[in-house]
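A.B. asks: My structure is stored as data-v8.txt, with compact mmCIF, C-alpha atoms.
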# COMPACT_ATOMS: atom_id res chain seq x y z
CA MET A 5 130.14 30.66 143.46
CA GLU A 6 129.32 27.85 141.05
CA SER A 7 125.70 27.13 140.16
CA ASP A 8 124.25 23.75 141.15
CA GLU A 9 122.07 23.72 138.06
CA GLU A 10 123.16 21.50 135.18
CA PRO A 11 123.58 23.16 131.76
CA LEU A 12 120.58 22.78 129.46
CA THR A 13 121.20 20.17 126.77
CA LEU A 14 119.09 18.81 123.93
CA SER A 15 118.57 15.14 123.23
CA ALA A 16 120.02 13.70 120.03
CA SER A 17 116.55 13.26 118.48
CA THR A 18 115.51 16.83 119.36
CA LEU A 19 118.78 18.23 117.97
CA ALA A 20 118.32 16.24 114.75
CA ALA A 21 114.74 17.52 114.36
CA LEU A 22 115.95 21.10 114.95
CA GLN A 23 118.67 20.74 112.33
CA GLU A 24 116.19 19.31 109.84
CA PHE A 25 113.82 22.22 110.50
CA ARG A 26 116.62 24.76 109.97
CA LYS A 27 117.66 23.10 106.72
CA GLU A 28 114.08 23.19 105.45
CA GLU A 29 113.84 26.87 106.35
CA GLU A 30 117.13 27.60 104.55
CA ASP A 31 115.87 25.79 101.45
CA ASN A 32 112.64 27.81 101.52
CA VAL A 33 114.58 31.09 101.84
CA LYS A 34 116.82 30.07 98.94
CA LYS A 35 113.81 29.23 96.76
CA PHE A 36 112.12 32.50 97.68
CA ASN A 37 115.21 34.56 96.83
CA GLU A 38 115.40 32.86 93.44
CA MET A 39 111.76 33.77 92.76
CA LYS A 40 112.45 37.36 93.81
CA LYS A 41 115.37 37.68 91.39
CA LYS A 42 113.22 36.37 88.54
CA ALA A 43 110.49 38.86 89.40
CA GLU A 44 113.00 41.71 89.24
CA VAL A 45 114.12 40.92 85.69
CA GLU A 46 110.85 39.55 84.28
CA ASP A 47 107.14 39.99 84.78
CA GLN A 48 106.90 36.78 86.81
CA GLU A 49 104.20 37.90 89.23
CA ARG A 50 101.32 36.56 87.17
CA LYS A 51 103.11 33.23 86.74
CA MET A 52 103.45 32.58 90.46
CA SER A 53 101.15 30.38 92.49
CA ILE A 54 100.20 30.51 96.15
CA HIS A 55 101.85 27.08 96.39
CA ASP A 56 105.23 28.78 95.89
CA PHE A 57 104.79 30.24 99.39
CA LYS A 58 104.97 27.86 102.33
CA GLU A 59 102.31 28.33 105.01
CA ASP A 60 103.71 29.75 108.24
CA TRP A 61 101.81 28.49 111.30
CA GLN A 62 103.52 31.16 113.40
CA LEU A 63 101.48 33.71 111.40
CA SER A 64 98.36 31.50 111.36
CA GLN A 65 98.66 31.05 107.58
CA PHE A 66 96.39 28.44 106.01
CA TRP A 67 95.81 28.87 102.27
CA TYR A 68 92.45 28.32 100.59
CA ASN A 69 92.38 25.52 98.06
CA ASP A 70 92.51 26.70 94.43
CA SER A 71 88.77 26.31 93.84
CA THR A 72 87.74 28.31 96.93
CA ALA A 73 90.29 31.05 96.24
CA GLU A 74 89.08 31.42 92.65
CA THR A 75 85.42 31.53 93.76
CA LEU A 76 86.16 34.32 96.27
CA GLY A 77 88.23 36.20 93.70
CA LYS A 78 85.44 36.14 91.14
CA ALA A 79 82.90 37.16 93.79
CA ILE A 80 84.82 40.33 94.72
CA LEU A 81 85.32 41.17 91.01
CA GLN A 82 81.70 40.64 89.93
CA ASP A 83 80.25 43.74 88.18
CA ALA A 84 83.40 45.79 88.86
CA ASP A 85 84.69 48.31 86.31
CA GLU A 86 88.05 49.95 85.53
CA ASN A 87 87.61 52.48 88.35
CA THR A 88 86.81 49.96 91.09
CA VAL A 89 89.39 49.89 93.91
CA ILE A 90 89.70 46.55 95.73
CA ALA A 91 91.60 45.54 98.87
CA ILE A 92 92.44 41.89 99.61
CA ALA A 93 93.48 41.80 103.28
CA SER A 94 95.09 38.78 104.97
CA ALA A 95 94.02 36.52 102.09
CA PRO A 96 97.01 36.24 99.72
CA SER A 97 95.71 33.01 98.18
CA VAL A 98 92.71 34.98 96.84
CA TYR A 99 95.01 37.67 95.40
CA ALA A 100 97.12 34.94 93.76
CA ALA A 101 93.96 33.38 92.29
CA ILE A 102 92.92 36.74 90.78
CA LEU A 103 96.34 37.04 89.11
CA LYS A 104 95.71 33.66 87.45
CA LEU A 105 92.39 34.75 85.92
CA PRO A 106 92.25 35.78 82.24
CA LYS A 107 92.76 39.53 81.86
CA CYS A 108 89.29 39.86 80.35
CA GLU A 109 87.82 38.74 83.70
CA VAL A 110 89.77 41.34 85.71
CA PRO A 111 88.36 44.77 84.74
CA THR A 112 90.43 46.84 87.20
CA GLU A 113 94.14 47.21 87.95
CA HIS A 114 93.46 48.82 91.33
CA ILE A 115 93.67 45.62 93.38
CA TYR A 116 95.85 45.75 96.50
CA CYS A 117 97.30 42.87 98.52
CA LEU A 118 97.44 43.82 102.21
CA GLU A 119 99.65 41.41 104.15
CA PHE A 120 101.80 41.20 107.27
CA ASP A 121 104.11 38.72 105.51
CA ARG A 122 106.44 40.74 103.31
CA ARG A 123 107.19 37.73 101.09
CA PHE A 124 104.06 38.61 99.12
CA GLU A 125 105.66 41.81 97.87
CA VAL A 126 107.18 39.53 95.24
CA LEU A 127 103.68 38.43 94.20
CA ALA A 128 101.93 41.82 94.25
CA GLY A 129 104.80 44.18 93.39
CA LYS A 130 103.75 47.83 93.61
CA ASN A 131 100.27 46.77 94.74
CA PHE A 132 101.62 45.20 97.95
CA ILE A 133 100.81 47.04 101.20
CA TYR A 134 102.24 46.02 104.57
CA TYR A 135 99.29 45.44 106.92
CA ASP A 136 99.22 44.66 110.66
CA TYR A 137 95.77 43.86 112.05
CA ASN A 138 96.87 45.32 115.40
CA GLU A 139 96.96 48.77 113.73
CA PRO A 140 93.60 49.11 111.92
CA HIS A 141 93.96 52.91 111.65
CA ASN A 142 97.46 52.83 110.19
CA LEU A 143 96.62 52.57 106.49
CA PRO A 144 98.37 54.28 103.54
CA PRO A 145 96.60 56.94 101.43
CA GLN A 146 95.96 54.65 98.45
CA VAL A 147 93.54 52.51 100.48
CA LEU A 148 92.40 54.80 103.34
CA HIS A 149 88.70 55.37 102.54
CA LYS A 150 89.54 54.72 98.86
CA CYS A 151 88.34 51.14 98.41
CA HIS A 152 84.95 50.27 96.94
CA ARG A 153 85.36 46.60 97.80
CA VAL A 154 87.16 44.74 100.57
CA LEU A 155 87.78 41.03 101.08
CA ILE A 156 89.28 40.36 104.51
CA ASP A 157 90.14 37.17 106.39
CA PRO A 158 91.08 37.83 110.05
CA PRO A 159 94.13 35.65 110.76
CA PHE A 160 93.10 34.76 114.32
CA LEU A 161 89.78 33.77 115.92
CA GLU A 162 90.03 35.80 119.12
CA GLU A 163 87.69 38.74 119.59
CA GLU A 164 90.42 41.41 119.48
CA CYS A 165 91.58 40.30 116.03
CA GLN A 166 88.00 40.14 114.72
CA LYS A 167 87.28 43.63 116.08
CA ASN A 168 90.43 45.18 114.62
CA SER A 169 89.83 43.53 111.26
CA ALA A 170 86.33 45.03 111.16
CA LEU A 171 87.78 48.47 111.96
CA ALA A 172 90.39 48.09 109.23
CA ALA A 173 87.72 47.15 106.67
CA ARG A 174 85.64 50.19 107.65
CA ASN A 175 88.69 52.44 107.28
CA MET A 176 89.47 51.02 103.83
CA LEU A 177 85.97 51.45 102.43
CA VAL A 178 84.86 54.69 100.79
CA LYS A 179 82.47 56.75 102.88
CA ASP A 180 79.84 56.90 100.13
CA LEU A 181 78.71 53.29 99.69
CA SER A 182 76.02 54.18 97.15
CA GLN A 183 78.43 54.73 94.25
CA LYS A 184 77.66 52.86 91.01
CA THR A 185 79.83 51.25 88.33
CA ALA A 186 79.67 52.26 84.64
CA SER A 187 77.06 49.53 84.10
CA GLY A 188 74.90 50.81 86.96
CA ALA A 189 75.83 48.08 89.45
CA LEU A 190 76.65 48.90 93.06
CA GLN A 191 80.39 49.45 93.59
CA TYR A 192 80.29 48.51 97.29
CA ARG A 193 81.01 44.94 98.31
CA LEU A 194 82.40 43.52 101.56
CA ILE A 195 83.38 39.87 101.97
CA THR A 196 84.64 38.58 105.32
CA SER A 197 85.88 35.06 105.75
CA THR A 198 86.51 33.58 109.17
CA GLY A 199 86.08 30.40 111.21
CA GLU A 200 82.98 29.62 113.23
CA ARG A 201 82.90 31.00 116.77
CA MET A 202 80.93 29.31 119.52
CA GLY A 203 79.02 31.60 121.87
CA PRO A 204 77.11 31.19 125.17
CA ALA A 205 73.79 30.84 123.31
CA ASP A 206 75.11 27.81 121.40
CA VAL A 207 76.12 26.12 124.65
CA THR A 208 72.76 26.88 126.29
CA VAL A 209 70.76 25.44 123.37
CA TYR A 210 72.97 22.34 123.13
CA LYS A 211 72.67 21.57 126.85
CA ALA A 212 68.87 22.04 126.76
CA PHE A 213 68.59 19.69 123.76
CA GLN A 214 70.90 17.18 125.43
CA LYS A 215 68.80 17.20 128.60
CA THR A 216 65.48 16.82 126.75
CA TYR A 217 66.66 14.21 124.22
CA PRO A 218 69.65 12.40 125.81
CA GLN A 219 69.36 9.22 123.72
CA LEU A 220 68.97 11.11 120.45
CA THR A 221 71.96 13.30 121.32
CA ARG A 222 74.16 10.26 121.97
CA TRP A 223 73.05 8.67 118.70
CA LEU A 224 73.69 11.86 116.67
CA ASN A 225 77.15 12.28 118.20
CA HIS A 226 77.97 8.65 117.43
CA ILE A 227 76.80 8.85 113.80
CA ALA A 228 78.59 12.20 113.31
CA SER A 229 81.89 10.53 114.21
CA PHE A 230 81.62 8.50 110.97
CA THR A 231 80.95 11.49 108.68
CA GLU A 232 84.05 10.88 106.54
CA GLU A 233 82.89 7.32 105.81
CA PHE A 234 79.32 8.14 104.73
CA GLU A 235 80.06 7.89 101.00
CA ASP A 236 81.79 4.53 101.39
CA LEU A 237 79.08 2.80 103.42
CA PRO A 238 76.80 0.26 101.66
CA ALA A 239 73.47 1.64 100.47
CA GLY A 240 70.53 1.14 102.81
CA LYS A 241 66.89 2.06 103.21
CA ALA A 242 65.28 3.97 106.04
CA PRO A 243 62.34 2.24 107.78
CA ALA A 244 58.99 3.05 106.18
CA ALA A 245 56.94 5.64 108.03
CA SER A 246 53.99 3.25 108.24
CA ALA A 247 56.04 0.84 110.31
CA ALA A 248 56.04 3.28 113.21
CA THR A 249 52.24 3.44 113.17
CA SER A 250 51.62 -0.31 113.23
CA THR A 251 49.11 -1.41 115.81
CA ASP A 252 50.12 -3.33 118.91
CA ALA A 253 48.05 -6.25 117.70
CA ALA A 254 49.99 -6.47 114.44
CA ASP A 255 53.27 -6.23 116.34
CA ASP A 256 52.18 -9.07 118.62
CA GLU A 257 51.32 -11.26 115.66
CA ASP A 258 54.73 -10.70 114.02
CA LEU A 259 56.70 -11.24 117.24
CA ASP A 260 58.39 -14.65 117.43
CA LEU A 261 59.83 -15.10 120.92
CA PHE A 262 61.25 -18.55 120.22
CA GLY A 263 63.09 -17.92 116.96
CA SER A 264 60.98 -20.13 114.75
CA ASP A 265 62.68 -21.53 111.62
CA ASP A 266 59.49 -21.36 109.57
CA ASP A 267 60.49 -18.16 107.74
CA GLU A 268 62.66 -18.72 104.69
CA VAL A 269 65.92 -16.78 104.40
CA ASP A 270 66.23 -14.62 101.26
CA GLU A 271 69.48 -16.08 99.90
CA GLU A 272 69.78 -13.51 97.11
CA ALA A 273 69.48 -10.63 99.59
CA GLU A 274 72.09 -12.20 101.85
CA LYS A 275 74.50 -12.65 98.93
CA LEU A 276 74.00 -9.04 97.84
CA LYS A 277 74.56 -7.84 101.40
CA GLN A 278 77.75 -9.85 101.74
CA LYS A 279 79.02 -8.61 98.37
CA ARG A 280 78.48 -4.97 99.35
CA LEU A 281 80.24 -5.47 102.67
CA GLU A 282 83.23 -7.03 100.90
CA GLU A 283 83.35 -4.16 98.36
CA TYR A 284 83.22 -1.63 101.17
CA ALA A 285 86.02 -3.38 103.10
CA ALA A 286 88.21 -3.54 99.96
CA LYS A 287 87.60 0.13 99.13
CA LYS A 288 88.40 1.20 102.68
CA ALA A 289 91.60 -0.87 102.73
CA ALA A 290 92.73 0.63 99.41
CA LYS A 291 92.40 4.15 100.74
CA GLY A 292 95.02 3.53 103.41
CA PRO A 293 95.19 5.36 106.73
CA LYS A 294 93.29 8.64 107.10
CA PRO A 295 95.24 11.88 107.53
CA THR A 296 95.57 12.90 111.16
CA ALA A 297 92.84 15.33 112.24
CA LYS A 298 94.18 18.64 113.56
CA SER A 299 92.78 21.73 115.25
CA ILE A 300 94.10 25.25 115.77
CA VAL A 301 93.56 26.44 119.33
CA THR A 302 93.87 29.89 120.89
CA LEU A 303 94.82 29.62 124.56
CA ASP A 304 94.63 32.40 127.17
CA VAL A 305 97.16 32.26 130.03
CA LYS A 306 96.54 34.76 132.84
CA PRO A 307 99.34 35.87 135.22
CA TRP A 308 98.87 36.76 138.89
CA ASP A 309 99.63 40.48 138.65
CA ASP A 310 101.53 43.20 136.79
CA GLU A 311 104.82 42.17 138.46
CA THR A 312 104.78 38.66 136.95
CA ASP A 313 107.71 38.03 134.62
CA LEU A 314 105.82 37.41 131.38
CA GLU A 315 108.82 36.21 129.40
CA GLU A 316 109.55 33.54 132.01
CA MET A 317 105.89 32.51 131.86
CA LEU A 318 106.03 32.24 128.05
CA ALA A 319 109.24 30.21 128.20
CA TYR A 320 107.64 27.79 130.67
CA VAL A 321 104.55 27.37 128.47
CA LYS A 322 106.60 26.53 125.37
CA LYS A 323 108.62 23.93 127.28
CA TYR A 324 105.63 21.60 127.02
CA GLU A 325 106.41 19.36 124.05
CA VAL A 326 104.48 16.27 123.00
CA GLU A 327 104.06 14.55 119.67
CA GLY A 328 101.25 16.19 117.70
CA LEU A 329 101.57 19.68 119.27
CA THR A 330 103.09 22.74 117.55
CA TRP A 331 103.26 26.12 119.28
CA GLY A 332 102.42 29.13 117.12
CA ALA A 333 102.28 32.92 117.36
CA HIS A 334 101.55 34.73 120.62
CA GLN A 335 100.63 38.22 121.78
CA TRP A 336 100.09 40.10 125.04
CA ILE A 337 96.53 41.32 125.67
CA PRO A 338 95.89 44.05 128.29
CA VAL A 339 93.24 43.02 130.83
CA GLY A 340 93.39 46.04 133.17
CA PHE A 341 95.45 47.58 135.99
CA GLY A 342 98.65 47.10 134.00
CA ILE A 343 98.16 43.33 133.77
CA LYS A 344 98.59 41.55 130.43
CA LYS A 345 97.53 38.01 129.62
CA LEU A 346 99.34 35.72 127.21
CA GLN A 347 97.32 34.67 124.17
CA ILE A 348 99.06 31.92 122.19
CA ASN A 349 98.10 29.71 119.26
CA LEU A 350 98.86 26.02 119.00
CA VAL A 351 98.09 23.36 116.40
CA VAL A 352 97.19 20.01 117.95
CA GLU A 353 96.34 16.58 116.64
CA ASP A 354 93.27 14.88 118.12
CA SER A 355 95.55 12.64 120.17
CA VAL A 356 96.76 15.64 122.21
CA SER A 357 94.78 16.37 125.39
CA LEU A 358 94.17 20.08 125.92
CA GLU A 359 93.36 19.32 129.56
CA ASP A 360 96.88 17.94 129.98
CA VAL A 361 98.34 21.04 128.31
CA GLN A 362 96.38 23.35 130.64
CA ALA A 363 97.20 21.25 133.71
CA TYR A 364 100.92 21.49 132.93
CA ILE A 365 100.78 25.27 132.46
CA GLU A 366 98.78 25.81 135.67
CA GLU A 367 101.44 23.91 137.64
CA ASP A 368 103.58 27.04 137.27
CA GLU A 369 101.99 28.64 140.34
CA ASP A 370 104.67 31.34 140.54
CA HIS A 371 103.49 32.87 137.26
CA VAL A 372 100.15 31.41 136.15
CA GLN A 373 96.80 32.19 137.73
CA SER A 374 94.59 30.33 135.23
CA THR A 375 94.22 29.19 131.62
CA ASP A 376 91.28 29.16 129.24
CA VAL A 377 90.59 27.98 125.68
CA ALA A 378 89.56 31.19 123.89
CA ALA A 379 88.88 29.63 120.47
CA MET A 380 89.20 26.32 118.64
CA GLN A 381 88.73 25.37 114.99
CA LYS A 382 89.21 22.16 113.02
CA LEU A 383 91.71 22.35 110.16
Would you write out, as structure tokens, the structure that this file holds?
C.D. replies:
Amino acid sequence: MESDEEPLTLSASTLAALQEFRKEEEDNVKKFNEMKKKAEVEDQERKMSIHDFKEDWQLSQFWYNDSTAETLGKAILQDADENTVIAIASAPSVYAAILKLPKCEVPTEHIYCLEFDRRFEVLAGKNFIYYDYNEPHNLPPQVLHKCHRVLIDPPFLEEECQKNSALAARNMLVKDLSQKTASGALQYRLITSTGERMGPADVTVYKAFQKTYPQLTRWLNHIASFTEEFEDLPAGKAPAASAATSTDAADDEDLDLFGSDDDEVDEEAEKLKQKRLEEYAAKKAAKGPKPTAKSIVTLDVKPWDDETDLEEMLAYVKKYEVEGLTWGAHQWIPVGFGIKKLQINLVVEDSVSLEDVQAYIEEDEDHVQSTDVAAMQKL
């Protein structure tokens, strides 16, 4: 019996985009293999940069800029000695920054790069350790309760990842945190780096403030939308405090209801104002269009029961394609009674409506019970 369903085909534009993506991936693999060969015959590790490794959104990889990575690297090294053992977990850009530091600023050789992405074995060599945040107790002997210092950056914002990363850090650290370096400084140091998480208390305070000061809230939100343009705006002066305390009588005297022409216009001030506005307009035009604002979102998708076909549900979710949306990594989170929810990351531009994304997913009534935004962070 022949199926009535038409075979699935891709549009010409989609096929072209897929081919371009595959070619880019092939080029990256080729470049990586070349680096690996060089590392095998020469001591190339210390010559590599984090920029030699392309960020993989599927793994929620977003490198620190060079300045931030160097600052974090120096912070974890401060007051260390030759016996200090350091673990850099899920933060390869910091490890790469440490390799770039002068040898005189790196007192210890016991610095390990713990990463899920095995590409970084080329960067760290024998000091590379495969690390999966889902297995915080599965650590090799060289770092299990052997590290005096840990710098860890949980790759995802959801609570499970944060919890497991904390457990991993505790299992890496030595049990005696009072140990001292040769100079008498404390060996112990823990640095965690993660995005901001909004909790119920934040929402409660914001709503209370919004209710008490509605006009001020609207004004603050409006002004905040121009944050990126603050430095380019013409200089101005805030009203003097004494102006707010003027008497009603003085206000009445200054008030001109009929727009009298008696007051002279300060021509010099007007010229200066116009000049500044023209300079601002020219500077803004020279900058060109702003880069598109993006956010990384963690979305929870809950099935009806333990008999729901989760793979079919995942396939339906990823069918939603709009310009400005990129699906990322996913995992299955147990919620009880054998039921697992889908937790999936996506990178969206500000033009993408999350409500539309959720509405589309919830239309799949055969599989989906509900959806919820678990976490969201600006990139």
A.B. asks: Go ahead and compute the interatomic distance for atom CA of A:Met52 and atom CA of A:Ile90, in Å to one decimal.
C.D. replies: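 Atom CA of A:Ile90 lies 20.3 Å from atom CA of A:Met52.
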A.B. asks: Under the rule of at most 12 Å, produce a per-residue listing of stretch 52-105 of chain A near stretch 164-175 of chain A: chain, number, name, the closest pair of atoms, and the distance in Å, as a Markdown table, using all atoms listed in the file.
C.D. replies:
| residue | atom | partner | partner_atom | distance |
| --- | --- | --- | --- | --- |
| A:Ile90 | CA | A:Ala173 | CA | 11.1 |
| A:Ala91 | CA | A:Ala173 | CA | 8.9 |
| A:Ile92 | CA | A:Ala173 | CA | 10.0 |
| A:Ala93 | CA | A:Ala173 | CA | 8.6 |
| A:Ser94 | CA | A:Ser169 | CA | 9.5 |
A.B. asks: Please measure the separation of atom CA of A:Leu118 and atom CA of A:Phe132, giving the value in Å to one decimal.
C.D. replies: 6.1 Å
A.B. asks: What's the separation between atom CA of A:Lys107 and atom CA of A:Ala73, in Å to one decimal place?
C.D. replies: 16.9 Å
A.B. asks: Ranking A:Pro111, A:Asp136, A:Ala319, A:Val89 by minimum distance to A:Met176 and counting all atoms listed in the file, which one comes first?
C.D. replies: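 Among the listed residues, the smallest separation from A:Met176 belongs to A:Val89.
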A.B. asks: I need the residue nearest A:Gln191 from this list: A:Gln82, A:Gln214, A:Asn131, A:Thr296. Use all atoms listed in the file for the distance.
C.D. replies: A:Gln82
A.B. asks: Can you tell me which residues surround A:Tyr135 at a distance of at most 10 Å, considering all atoms listed in the file, apart from same-chain residues fewer than 4 positions away, and format the answer as a list in words?
C.D. replies: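 Here the qualifying residues turn out to be Ala93, Ser94, Cys117, Leu118, Glu119, Phe120, Asp121, Arg122, Glu139, Pro140, Asn142, Leu143, Pro144 and Ala172 of chain A.
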A.B. asks: I need the residue nearest A:Phe66 from this list: A:Leu276, A:Leu220, A:Ile365, A:Val351. Use all atoms listed in the file for the distance.
C.D. replies: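 Among A:Leu276, A:Leu220, A:Ile365, A:Val351, it is A:Val351 that comes nearest to A:Phe66.
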A.B. asks: Looking at all atoms listed in the file, which of A:Gln362, A:Ser299, A:Thr330, A:Thr196 is the one that sits closest to A:Ala95?
C.D. replies: A:Thr196
A.B. asks: Here's a test: counting all atoms listed in the file, identify every protein, DNA and RNA residue with an atom at most 10 Å from (98.3, 39.5, 135.2) in the file's coordinate frame, and state them as an MDAnalysis selection string.
C.D. replies: chainID A and resid 305:314 337:346 371:374
A.B. asks: Show which residues sit within 10 Å of A:Val110, as JSON, numbers by chain. Count all atoms listed in the file, and ignore same-chain residues fewer than 2 positions away.
C.D. replies: {"A": [77, 78, 81, 82, 84, 85, 86, 102, 103, 104, 105, 106, 107, 108, 112, 113, 115]}
A.B. asks: Here is a test: counting all atoms listed in the file, which residue of A:Tyr210, A:Phe57, A:Phe160, A:Phe124 is nearest to A:Ala333?
C.D. replies: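 Among the listed residues, A:Phe160 lies closest to A:Ala333.
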A.B. asks: Under the rule that all atoms listed in the file are counted, which of A:Val377, A:Ile54, A:Ile133, A:Leu194 is the nearest residue to A:Leu148?
C.D. replies: A:Ile133
